[in-house]
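S.K.: File coords16.cif below, mmCIF, C-alpha atoms and all ligand atoms:
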data_start
#
loop_
_atom_site.group_PDB
_atom_site.id
_atom_site.type_symbol
_atom_site.label_atom_id
_atom_site.label_comp_id
_atom_site.auth_asym_id
_atom_site.auth_seq_id
_atom_site.Cartn_x
_atom_site.Cartn_y
_atom_site.Cartn_z
ATOM 1 C CA MET A 261 -23.731 17.038 -9.079
ATOM 2 C CA ARG A 262 -20.143 16.029 -9.565
ATOM 3 C CA ARG A 263 -18.371 12.749 -9.660
ATOM 4 C CA ALA A 264 -15.388 11.936 -7.508
ATOM 5 C CA VAL A 265 -12.571 9.477 -7.224
ATOM 6 C CA PHE A 266 -11.845 8.873 -3.568
ATOM 7 C CA LEU A 267 -8.207 7.935 -3.132
ATOM 8 C CA ASP A 268 -6.731 6.063 -0.232
ATOM 9 C CA ARG A 269 -3.308 7.432 0.689
ATOM 10 C CA ASP A 270 -0.727 4.846 1.785
ATOM 11 C CA GLY A 271 -0.194 2.193 -0.899
ATOM 12 C CA VAL A 272 -2.281 4.017 -3.495
ATOM 13 C CA VAL A 273 -0.775 7.488 -3.809
ATOM 14 C CA ASN A 274 2.487 6.964 -1.934
ATOM 15 C CA ARG A 275 4.532 3.898 -1.219
ATOM 16 C CA ALA A 276 3.510 2.050 1.917
ATOM 17 C CA ILE A 277 6.187 0.726 4.244
ATOM 18 C CA LEU A 278 5.964 -3.092 4.427
ATOM 19 C CA ARG A 279 6.497 -4.999 7.655
ATOM 20 C CA GLU A 280 5.744 -8.724 7.759
ATOM 21 C CA GLY A 281 3.634 -8.459 4.651
ATOM 22 C CA ARG A 282 1.470 -5.615 5.931
ATOM 23 C CA PRO A 283 1.494 -1.967 4.882
ATOM 24 C CA TYR A 284 2.254 1.014 7.127
ATOM 25 C CA PRO A 285 2.376 4.775 6.494
ATOM 26 C CA PRO A 286 5.705 6.559 5.990
ATOM 27 C CA ALA A 287 6.925 7.653 9.420
ATOM 28 C CA SER A 288 7.885 11.128 8.290
ATOM 29 C CA LEU A 289 8.093 13.435 5.318
ATOM 30 C CA SER A 290 11.560 12.120 4.430
ATOM 31 C CA ASP A 291 10.087 8.621 3.880
ATOM 32 C CA LEU A 292 7.367 9.890 1.538
ATOM 33 C CA ARG A 293 7.597 8.571 -2.047
ATOM 34 C CA VAL A 294 4.811 9.134 -4.554
ATOM 35 C CA LEU A 295 4.270 5.983 -6.617
ATOM 36 C CA PRO A 296 5.090 5.918 -10.345
ATOM 37 C CA GLY A 297 2.372 7.263 -12.630
ATOM 38 C CA VAL A 298 0.288 8.716 -9.802
ATOM 39 C CA ARG A 299 0.673 12.367 -10.753
ATOM 40 C CA GLU A 300 -0.267 11.621 -14.365
ATOM 41 C CA ALA A 301 -3.213 9.476 -13.233
ATOM 42 C CA CYS A 302 -4.534 12.335 -11.089
ATOM 43 C CA ARG A 303 -4.150 14.782 -13.954
ATOM 44 C CA LYS A 304 -6.155 12.515 -16.306
ATOM 45 C CA LEU A 305 -8.927 11.979 -13.777
ATOM 46 C CA HIS A 306 -9.222 15.731 -13.294
ATOM 47 C CA GLU A 307 -9.345 16.266 -17.045
ATOM 48 C CA VAL A 308 -12.424 14.070 -17.410
ATOM 49 C CA GLY A 309 -14.098 15.953 -14.577
ATOM 50 C CA PHE A 310 -13.612 13.913 -11.419
ATOM 51 C CA ALA A 311 -13.050 15.609 -8.091
ATOM 52 C CA LEU A 312 -10.093 13.994 -6.338
ATOM 53 C CA ILE A 313 -10.522 13.476 -2.621
ATOM 54 C CA LEU A 314 -7.985 11.750 -0.424
ATOM 55 C CA ILE A 315 -9.553 9.700 2.369
ATOM 56 C CA THR A 316 -7.164 8.249 4.882
ATOM 57 C CA ASN A 317 -7.174 6.398 8.194
ATOM 58 C CA GLN A 318 -4.257 7.543 10.367
ATOM 59 C CA PRO A 319 -4.764 5.646 13.639
ATOM 60 C CA ASP A 320 -1.128 6.205 14.642
ATOM 61 C CA ILE A 321 -2.300 9.665 15.748
ATOM 62 C CA ALA A 322 -4.668 8.084 18.308
ATOM 63 C CA ARG A 323 -1.943 5.592 19.235
ATOM 64 C CA GLY A 324 0.431 8.477 19.938
ATOM 65 C CA SER A 325 3.266 7.321 17.672
ATOM 66 C CA VAL A 326 2.876 10.292 15.318
ATOM 67 C CA SER A 327 1.415 13.777 15.723
ATOM 68 C CA ALA A 328 -1.506 15.173 13.766
ATOM 69 C CA ALA A 329 0.804 17.959 12.610
ATOM 70 C CA GLU A 330 3.287 15.478 11.099
ATOM 71 C CA VAL A 331 0.495 13.681 9.252
ATOM 72 C CA SER A 332 -0.910 16.992 8.017
ATOM 73 C CA GLU A 333 2.506 17.942 6.682
ATOM 74 C CA ILE A 334 2.508 14.852 4.440
ATOM 75 C CA ASN A 335 -1.136 15.365 3.486
ATOM 76 C CA ASN A 336 -0.602 19.008 2.551
ATOM 77 C CA LEU A 337 2.406 18.203 0.410
ATOM 78 C CA LEU A 338 0.467 15.497 -1.434
ATOM 79 C CA GLN A 339 -2.453 17.866 -1.916
ATOM 80 C CA ARG A 340 -0.242 20.472 -3.569
ATOM 81 C CA PHE A 341 1.795 18.022 -5.643
ATOM 82 C CA LEU A 342 -1.248 16.125 -6.961
ATOM 83 C CA GLN A 343 -3.715 19.060 -7.033
ATOM 84 C CA LEU A 344 -6.124 17.123 -4.814
ATOM 85 C CA ASP A 345 -9.446 18.855 -4.247
ATOM 86 C CA ASP A 346 -9.776 17.787 -0.633
ATOM 87 C CA ILE A 347 -8.302 15.615 2.073
ATOM 88 C CA ARG A 348 -10.367 13.851 4.701
ATOM 89 C CA MET A 349 -8.659 12.030 7.522
ATOM 90 C CA CYS A 350 -9.725 9.800 10.406
ATOM 91 C CA PRO A 351 -7.228 10.182 13.289
ATOM 92 C CA HIS A 352 -9.008 7.602 15.498
ATOM 93 C CA ASP A 353 -8.445 3.970 16.394
ATOM 94 C CA ASP A 354 -11.123 1.291 16.766
ATOM 95 C CA ALA A 355 -11.699 2.153 20.436
ATOM 96 C CA ALA A 356 -13.145 5.564 19.500
ATOM 97 C CA HIS A 357 -16.045 3.950 17.595
ATOM 98 C CA CYS A 358 -16.108 6.992 15.327
ATOM 99 C CA SER A 359 -18.111 7.143 12.119
ATOM 100 C CA CYS A 360 -15.111 8.109 9.996
ATOM 101 C CA ARG A 361 -12.687 5.193 10.366
ATOM 102 C CA LYS A 362 -12.862 3.050 7.252
ATOM 103 C CA PRO A 363 -14.591 0.571 6.693
ATOM 104 C CA ARG A 364 -17.227 3.007 7.918
ATOM 105 C CA PRO A 365 -18.249 5.370 5.134
ATOM 106 C CA GLY A 366 -18.320 8.606 7.175
ATOM 107 C CA LEU A 367 -15.414 10.307 5.415
ATOM 108 C CA LEU A 368 -16.995 9.681 2.022
ATOM 109 C CA LEU A 369 -20.491 10.706 3.096
ATOM 110 C CA ASP A 370 -19.233 13.970 4.640
ATOM 111 C CA ALA A 371 -17.176 14.781 1.552
ATOM 112 C CA ALA A 372 -20.133 13.981 -0.694
ATOM 113 C CA ARG A 373 -22.299 16.488 1.185
ATOM 114 C CA ALA A 374 -19.607 19.163 1.107
ATOM 115 C CA TRP A 375 -18.832 18.746 -2.579
ATOM 116 C CA ASP A 376 -22.301 17.805 -3.915
ATOM 117 C CA ILE A 377 -21.033 14.454 -5.128
ATOM 118 C CA ASN A 378 -23.117 11.740 -6.731
ATOM 119 C CA LEU A 379 -21.726 8.693 -4.938
ATOM 120 C CA GLY A 380 -23.307 6.262 -7.404
ATOM 121 C CA GLU A 381 -21.148 7.698 -10.174
ATOM 122 C CA SER A 382 -18.033 7.835 -8.032
ATOM 123 C CA TYR A 383 -15.172 5.478 -7.265
ATOM 124 C CA ILE A 384 -12.922 4.525 -4.429
ATOM 125 C CA VAL A 385 -9.390 3.255 -5.005
ATOM 126 C CA GLY A 386 -7.761 1.462 -2.083
ATOM 127 C CA ASP A 387 -5.229 -1.215 -1.232
ATOM 128 C CA ARG A 388 -6.999 -2.765 1.787
ATOM 129 C CA TRP A 389 -10.373 -4.308 2.561
ATOM 130 C CA ARG A 390 -11.297 -1.305 4.725
ATOM 131 C CA ASP A 391 -11.119 1.009 1.726
ATOM 132 C CA VAL A 392 -13.129 -1.268 -0.530
ATOM 133 C CA GLU A 393 -15.819 -1.776 2.099
ATOM 134 C CA ALA A 394 -16.080 1.936 2.930
ATOM 135 C CA GLY A 395 -16.589 2.654 -0.771
ATOM 136 C CA GLN A 396 -19.172 -0.068 -1.154
ATOM 137 C CA ARG A 397 -21.092 1.153 1.891
ATOM 138 C CA ALA A 398 -21.123 4.685 0.492
ATOM 139 C CA GLY A 399 -22.521 3.381 -2.809
ATOM 140 C CA CYS A 400 -19.365 3.882 -4.886
ATOM 141 C CA GLN A 401 -17.716 1.468 -7.261
ATOM 142 C CA ALA A 402 -14.624 -0.002 -5.651
ATOM 143 C CA VAL A 403 -11.211 -0.534 -7.202
ATOM 144 C CA PHE A 404 -8.783 -2.690 -5.241
ATOM 145 C CA VAL A 405 -5.044 -2.211 -5.731
ATOM 146 C CA ASP A 406 -3.909 -5.720 -4.901
ATOM 147 C CA TYR A 407 -0.393 -6.090 -3.498
ATOM 148 C CA GLY A 408 -1.090 -9.495 -1.967
ATOM 149 C CA TYR A 409 -0.715 -8.229 1.608
ATOM 150 C CA ARG A 410 -0.817 -10.853 4.334
ATOM 151 C CA GLU A 411 -4.262 -9.874 5.626
ATOM 152 C CA ARG A 412 -7.911 -10.442 4.806
ATOM 153 C CA ARG A 413 -9.044 -9.601 1.308
ATOM 154 C CA PRO A 414 -12.030 -7.413 0.448
ATOM 155 C CA ASP A 415 -15.446 -8.854 -0.285
ATOM 156 C CA ALA A 416 -16.745 -8.564 -3.842
ATOM 157 C CA PRO A 417 -17.678 -6.626 -5.859
ATOM 158 C CA TYR A 418 -14.563 -4.731 -6.830
ATOM 159 C CA LEU A 419 -12.262 -4.295 -9.774
ATOM 160 C CA ARG A 420 -8.759 -5.638 -9.098
ATOM 161 C CA VAL A 421 -5.778 -3.673 -10.402
ATOM 162 C CA ARG A 422 -2.047 -3.335 -9.728
ATOM 163 C CA SER A 423 -1.748 0.432 -9.413
ATOM 164 C CA LEU A 424 -3.563 3.753 -9.380
ATOM 165 C CA ARG A 425 -2.288 4.230 -12.920
ATOM 166 C CA GLU A 426 -4.198 1.117 -14.008
ATOM 167 C CA ALA A 427 -7.273 2.126 -11.991
ATOM 168 C CA ALA A 428 -7.320 5.595 -13.546
ATOM 169 C CA ALA A 429 -7.035 4.247 -17.095
ATOM 170 C CA TRP A 430 -10.060 2.032 -16.479
ATOM 171 C CA ILE A 431 -12.102 4.796 -14.809
ATOM 172 C CA VAL A 432 -11.311 7.275 -17.583
ATOM 173 C CA GLN A 433 -12.264 4.752 -20.260
ATOM 174 C CA LYS A 434 -15.554 4.009 -18.504
ATOM 175 C CA ALA A 435 -16.320 7.726 -18.155
ATOM 176 C CA GLN A 436 -15.659 8.315 -21.850
ATOM 177 C CA MET A 437 -17.869 5.358 -22.878
ATOM 178 C CA GLY A 438 -20.602 6.736 -20.610
ATOM 179 C CA ALA A 439 -20.347 10.114 -22.294
ATOM 180 C CA LEU A 440 -20.892 8.480 -25.717
ATOM 181 C CA CYS A 441 -24.098 6.835 -24.470
ATOM 182 C CA HIS A 442 -25.470 10.110 -23.096
ATOM 183 C CA ALA A 443 -24.617 12.108 -26.248
HETATM 184 MG MG MG B 501 -3.731 2.069 2.041
HETATM 185 ZN ZN ZN B 502 -12.531 8.491 12.915
#
In C-alpha cells, what does this structure look like?
M.R.:
Amino acid sequence: MRRAVFLDRDGVVNRAILREGRPYPPASLSDLRVLPGVREACRKLHEVGFALILITNQPDIARGSVSAAEVSEINNLLQRFLQLDDIRMCPHDDAAHCSCRKPRPGLLLDAARAWDINLGESYIVGDRWRDVEAGQRAGCQAVFVDYGYRERRPDAPYLRVRSLREAAAWIVQKAQMGALCHA
C-alpha cells in the first residue's frame, strides 16, 4: 500500500482570493498564482514516496458562477506544474447532499480505493475546517494551514502550520524518522 498527502487546492497550493476575511477560488486561469515553495514541497513529498492527490470542493460549479470546464482548466494546469498524481473534485453544493463535499470524506475514500492508499499513514493539508474534518473522518492525520480566516476553526486534533512548505517539511521529517524505526 502507498501513502498519500491529500492537498486542498485554494489557499494551500494556490493563493485564495480574500473577501471579508474569507477565502475564495481564483475566478479564472489569469488569477491563478501558485504559492511560494509549493512546487518544491511537492517535489520533496514525492521523493519520500507520497502520492500527491488534490482534493477540492468547487461549489461555484453547482451555483452556476463558473463552469466545470473552467475549473478543470485550472486543475489540469496545477496537475502538470506540480506533477500531481490525481485530482478529485466535488462540484456540488450542500443541497446535493453528496458524499464527496468536504467535510465528508468521500473524495479521500474513493482515491484511497483507486490508488491502494493506507489512510492511516496519510495526511491531509487544508486551510479550512472542512478539509481538516474530511481528513480526520477518513483516518488521516490533519495539517491545518492557518490564515486566521473569519470563520469557524477546525476541531482538534491537527497540526497547525503557516504554509504547505512548512507542512511538507514536517511530514518529510516524520516519514524519515519512521523509516529509521522500521530499519
Ligand atoms: Mg482551501
Ligand atoms: Zn460532491
S.K.: What residues have any atom no more than 8 Å from ligand MG 501 (chain B) when counting all atoms listed in the file, and can you list them as a PDB file with C-alpha atoms, in the frame of the given file?
M.R.:
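Final output, result.pdb:
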ATOM      1  CA  ASP A 268      -6.731   6.063  -0.232  1.00  0.00           C
ATOM      2  CA  ARG A 269      -3.308   7.432   0.689  1.00  0.00           C
ATOM      3  CA  ASP A 270      -0.727   4.846   1.785  1.00  0.00           C
ATOM      4  CA  GLY A 271      -0.194   2.193  -0.899  1.00  0.00           C
ATOM      5  CA  VAL A 272      -2.281   4.017  -3.495  1.00  0.00           C
ATOM      6  CA  ALA A 276       3.510   2.050   1.917  1.00  0.00           C
ATOM      7  CA  PRO A 283       1.494  -1.967   4.882  1.00  0.00           C
ATOM      8  CA  TYR A 284       2.254   1.014   7.127  1.00  0.00           C
ATOM      9  CA  THR A 316      -7.164   8.249   4.882  1.00  0.00           C
ATOM     10  CA  GLY A 386      -7.761   1.462  -2.083  1.00  0.00           C
ATOM     11  CA  ASP A 387      -5.229  -1.215  -1.232  1.00  0.00           C
ATOM     12  CA  ARG A 388      -6.999  -2.765   1.787  1.00  0.00           C
ATOM     13  CA  ASP A 391     -11.119   1.009   1.726  1.00  0.00           C
TER      14      ASP A 391
END
S.K.: The PyMOL selection byres (((not hetatm)) within 12 of (chain B and resi 502)) on the file shown: which residues, as a PDB file with C-alpha atoms, keeping the file's coordinate frame?
M.R.:
ATOM      1  CA  ILE A 315      -9.553   9.700   2.369  1.00  0.00           C
ATOM      2  CA  THR A 316      -7.164   8.249   4.882  1.00  0.00           C
ATOM      3  CA  ASN A 317      -7.174   6.398   8.194  1.00  0.00           C
ATOM      4  CA  GLN A 318      -4.257   7.543  10.367  1.00  0.00           C
ATOM      5  CA  PRO A 319      -4.764   5.646  13.639  1.00  0.00           C
ATOM      6  CA  ASP A 320      -1.128   6.205  14.642  1.00  0.00           C
ATOM      7  CA  ILE A 321      -2.300   9.665  15.748  1.00  0.00           C
ATOM      8  CA  ALA A 322      -4.668   8.084  18.308  1.00  0.00           C
ATOM      9  CA  ARG A 348     -10.367  13.851   4.701  1.00  0.00           C
ATOM     10  CA  MET A 349      -8.659  12.030   7.522  1.00  0.00           C
ATOM     11  CA  CYS A 350      -9.725   9.800  10.406  1.00  0.00           C
ATOM     12  CA  PRO A 351      -7.228  10.182  13.289  1.00  0.00           C
ATOM     13  CA  HIS A 352      -9.008   7.602  15.498  1.00  0.00           C
ATOM     14  CA  ASP A 353      -8.445   3.970  16.394  1.00  0.00           C
ATOM     15  CA  ASP A 354     -11.123   1.291  16.766  1.00  0.00           C
ATOM     16  CA  ALA A 355     -11.699   2.153  20.436  1.00  0.00           C
ATOM     17  CA  ALA A 356     -13.145   5.564  19.500  1.00  0.00           C
ATOM     18  CA  HIS A 357     -16.045   3.950  17.595  1.00  0.00           C
ATOM     19  CA  CYS A 358     -16.108   6.992  15.327  1.00  0.00           C
ATOM     20  CA  SER A 359     -18.111   7.143  12.119  1.00  0.00           C
ATOM     21  CA  CYS A 360     -15.111   8.109   9.996  1.00  0.00           C
ATOM     22  CA  ARG A 361     -12.687   5.193  10.366  1.00  0.00           C
ATOM     23  CA  LYS A 362     -12.862   3.050   7.252  1.00  0.00           C
ATOM     24  CA  PRO A 363     -14.591   0.571   6.693  1.00  0.00           C
ATOM     25  CA  ARG A 364     -17.227   3.007   7.918  1.00  0.00           C
ATOM     26  CA  PRO A 365     -18.249   5.370   5.134  1.00  0.00           C
ATOM     27  CA  GLY A 366     -18.320   8.606   7.175  1.00  0.00           C
ATOM     28  CA  LEU A 367     -15.414  10.307   5.415  1.00  0.00           C
ATOM     29  CA  LEU A 368     -16.995   9.681   2.022  1.00  0.00           C
ATOM     30  CA  ASP A 370     -19.233  13.970   4.640  1.00  0.00           C
TER      31      ASP A 370
END
S.K.: Considering all atoms listed in the file, state which residue in the set A:Ala428, A:Gln339, A:Gly408, A:Met437 is at the smallest distance from Glu300 in chain A.
M.R.: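 Of the candidates, the smallest distance to Glu300 in chain A is held by A:Ala428.
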S.K.: Report the distance between CA of Arg263 in chain A and CA of Ser382 in chain A in Å, rounded to one decimal place.
M.R.: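 Spanning CA of Arg263 in chain A to CA of Ser382 in chain A is a straight-line distance of 5.2 Å.
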S.K.: In Å, with one decimal, what is the gap from CA of Ala429 in chain A to CA of Pro285 in chain A?
M.R.: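 Going from CA of Ala429 in chain A over to CA of Pro285 in chain A, I get 25.4 Å.
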S.K.: Neighbours of Val403 in chain A within 12 Å (all atoms listed in the file; same-chain residues fewer than 2 positions away dropped), as JSON, numbers by chain?
M.R.: {"A": [265, 266, 267, 268, 272, 382, 383, 384, 385, 386, 387, 388, 389, 390, 391, 392, 393, 394, 395, 396, 400, 401, 405, 406, 414, 415, 416, 417, 418, 419, 420, 421, 422, 423, 424, 425, 426, 427, 428, 429, 430, 431]}
S.K.: Pick from A:Arg262, A:Arg397, A:Arg410, A:Lys434: nearest to Leu312 in chain A, with all atoms listed in the file counted?
M.R.: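 Nearest candidate to Leu312 in chain A out of A:Arg262, A:Arg397, A:Arg410, A:Lys434: A:Arg262.
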S.K.: Using the chain letters and numbering of this document, enumerate as JSON, numbers by chain the residues selected by the PyMOL selection byres (((chain A and resi 334) around 10) and not hetatm).
M.R.: {"A": [286, 287, 288, 289, 290, 291, 292, 329, 330, 331, 332, 333, 335, 336, 337, 338, 339]}
S.K.: Would you mind reading off the distance between CA of Asn274 in chain A and CA of Ala374 in chain A, one decimal, in Å?
M.R.: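 Calculated distance between CA of Asn274 in chain A and CA of Ala374 in chain A is 25.4 Å.
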S.K.: Give the centre and edge lengths of an axis-aligned box, in Å to one decimal, that holds all listed atoms of range 355-369 of chain A with 8 Å on each side, as lines of an AutoDock Vina configuration file.
M.R.:
center_x = -16.1
center_y = 5.6
center_z = 11.2
size_x = 24.8
size_y = 26.1
size_z = 34.4
S.K.: Which residues, named as in the file, does the PyMOL selection byres (((chain A and resi 281) around 6) and not hetatm) pick out? Answer as a count of residues only.
M.R.: 6
S.K.: Rebuild range 374-399 of chain A to N, CA and C atoms - output it as a PDB file, keeping the file's coordinate frame, please.
M.R.:
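After the write, out.pdb holds the following:
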ATOM      1  N   ALA A 374     -20.338  17.901   1.266  1.00  0.00           N
ATOM      2  CA  ALA A 374     -19.607  19.163   1.107  1.00  0.00           C
ATOM      3  C   ALA A 374     -19.383  19.516  -0.360  1.00  0.00           C
ATOM      4  N   TRP A 375     -19.199  18.509  -1.178  1.00  0.00           N
ATOM      5  CA  TRP A 375     -18.832  18.746  -2.579  1.00  0.00           C
ATOM      6  C   TRP A 375     -19.966  18.454  -3.556  1.00  0.00           C
ATOM      7  N   ASP A 376     -21.164  18.123  -3.056  1.00  0.00           N
ATOM      8  CA  ASP A 376     -22.301  17.805  -3.915  1.00  0.00           C
ATOM      9  C   ASP A 376     -21.952  16.684  -4.904  1.00  0.00           C
ATOM     10  N   ILE A 377     -21.519  15.580  -4.325  1.00  0.00           N
ATOM     11  CA  ILE A 377     -21.033  14.454  -5.128  1.00  0.00           C
ATOM     12  C   ILE A 377     -22.093  13.368  -5.252  1.00  0.00           C
ATOM     13  N   ASN A 378     -22.262  12.890  -6.462  1.00  0.00           N
ATOM     14  CA  ASN A 378     -23.117  11.740  -6.731  1.00  0.00           C
ATOM     15  C   ASN A 378     -22.298  10.465  -6.477  1.00  0.00           C
ATOM     16  N   LEU A 379     -22.559   9.840  -5.341  1.00  0.00           N
ATOM     17  CA  LEU A 379     -21.726   8.693  -4.938  1.00  0.00           C
ATOM     18  C   LEU A 379     -21.883   7.509  -5.887  1.00  0.00           C
ATOM     19  N   GLY A 380     -23.061   7.377  -6.483  1.00  0.00           N
ATOM     20  CA  GLY A 380     -23.307   6.262  -7.404  1.00  0.00           C
ATOM     21  C   GLY A 380     -22.493   6.355  -8.684  1.00  0.00           C
ATOM     22  N   GLU A 381     -21.993   7.538  -8.987  1.00  0.00           N
ATOM     23  CA  GLU A 381     -21.148   7.698 -10.174  1.00  0.00           C
ATOM     24  C   GLU A 381     -19.694   7.936  -9.773  1.00  0.00           C
ATOM     25  N   SER A 382     -19.378   7.584  -8.547  1.00  0.00           N
ATOM     26  CA  SER A 382     -18.033   7.835  -8.032  1.00  0.00           C
ATOM     27  C   SER A 382     -17.327   6.523  -7.706  1.00  0.00           C
ATOM     28  N   TYR A 383     -16.024   6.656  -7.469  1.00  0.00           N
ATOM     29  CA  TYR A 383     -15.172   5.478  -7.265  1.00  0.00           C
ATOM     30  C   TYR A 383     -14.339   5.653  -6.011  1.00  0.00           C
ATOM     31  N   ILE A 384     -13.959   4.513  -5.452  1.00  0.00           N
ATOM     32  CA  ILE A 384     -12.922   4.525  -4.429  1.00  0.00           C
ATOM     33  C   ILE A 384     -11.787   3.638  -4.919  1.00  0.00           C
ATOM     34  N   VAL A 385     -10.555   4.081  -4.675  1.00  0.00           N
ATOM     35  CA  VAL A 385      -9.390   3.255  -5.005  1.00  0.00           C
ATOM     36  C   VAL A 385      -8.602   3.040  -3.723  1.00  0.00           C
ATOM     37  N   GLY A 386      -8.457   1.767  -3.326  1.00  0.00           N
ATOM     38  CA  GLY A 386      -7.761   1.462  -2.083  1.00  0.00           C
ATOM     39  C   GLY A 386      -6.999   0.156  -2.153  1.00  0.00           C
ATOM     40  N   ASP A 387      -6.073  -0.007  -1.220  1.00  0.00           N
ATOM     41  CA  ASP A 387      -5.229  -1.215  -1.232  1.00  0.00           C
ATOM     42  C   ASP A 387      -5.539  -2.168  -0.081  1.00  0.00           C
ATOM     43  N   ARG A 388      -6.648  -1.885   0.666  1.00  0.00           N
ATOM     44  CA  ARG A 388      -6.999  -2.765   1.787  1.00  0.00           C
ATOM     45  C   ARG A 388      -8.515  -2.954   1.812  1.00  0.00           C
ATOM     46  N   TRP A 389      -8.940  -4.008   2.519  1.00  0.00           N
ATOM     47  CA  TRP A 389     -10.373  -4.308   2.561  1.00  0.00           C
ATOM     48  C   TRP A 389     -11.170  -3.160   3.157  1.00  0.00           C
ATOM     49  N   ARG A 390     -10.575  -2.413   4.086  1.00  0.00           N
ATOM     50  CA  ARG A 390     -11.297  -1.305   4.725  1.00  0.00           C
ATOM     51  C   ARG A 390     -11.705  -0.231   3.710  1.00  0.00           C
ATOM     52  N   ASP A 391     -10.826   0.007   2.759  1.00  0.00           N
ATOM     53  CA  ASP A 391     -11.119   1.009   1.726  1.00  0.00           C
ATOM     54  C   ASP A 391     -12.266   0.540   0.838  1.00  0.00           C
ATOM     55  N   VAL A 392     -12.129  -0.707   0.387  1.00  0.00           N
ATOM     56  CA  VAL A 392     -13.129  -1.268  -0.530  1.00  0.00           C
ATOM     57  C   VAL A 392     -14.500  -1.278   0.140  1.00  0.00           C
ATOM     58  N   GLU A 393     -14.529  -1.704   1.403  1.00  0.00           N
ATOM     59  CA  GLU A 393     -15.819  -1.776   2.099  1.00  0.00           C
ATOM     60  C   GLU A 393     -16.419  -0.385   2.346  1.00  0.00           C
ATOM     61  N   ALA A 394     -15.575   0.570   2.716  1.00  0.00           N
ATOM     62  CA  ALA A 394     -16.080   1.936   2.930  1.00  0.00           C
ATOM     63  C   ALA A 394     -16.711   2.465   1.644  1.00  0.00           C
ATOM     64  N   GLY A 395     -16.055   2.218   0.516  1.00  0.00           N
ATOM     65  CA  GLY A 395     -16.589   2.654  -0.771  1.00  0.00           C
ATOM     66  C   GLY A 395     -17.904   1.973  -1.098  1.00  0.00           C
ATOM     67  N   GLN A 396     -17.945   0.679  -0.887  1.00  0.00           N
ATOM     68  CA  GLN A 396     -19.172  -0.068  -1.154  1.00  0.00           C
ATOM     69  C   GLN A 396     -20.313   0.454  -0.292  1.00  0.00           C
ATOM     70  N   ARG A 397     -20.034   0.698   0.984  1.00  0.00           N
ATOM     71  CA  ARG A 397     -21.092   1.153   1.891  1.00  0.00           C
ATOM     72  C   ARG A 397     -21.579   2.552   1.535  1.00  0.00           C
ATOM     73  N   ALA A 398     -20.716   3.344   0.924  1.00  0.00           N
ATOM     74  CA  ALA A 398     -21.123   4.685   0.492  1.00  0.00           C
ATOM     75  C   ALA A 398     -21.839   4.650  -0.863  1.00  0.00           C
ATOM     76  N   GLY A 399     -21.842   3.497  -1.521  1.00  0.00           N
ATOM     77  CA  GLY A 399     -22.521   3.381  -2.809  1.00  0.00           C
ATOM     78  C   GLY A 399     -21.633   3.656  -4.007  1.00  0.00           C
TER      79      GLY A 399
END
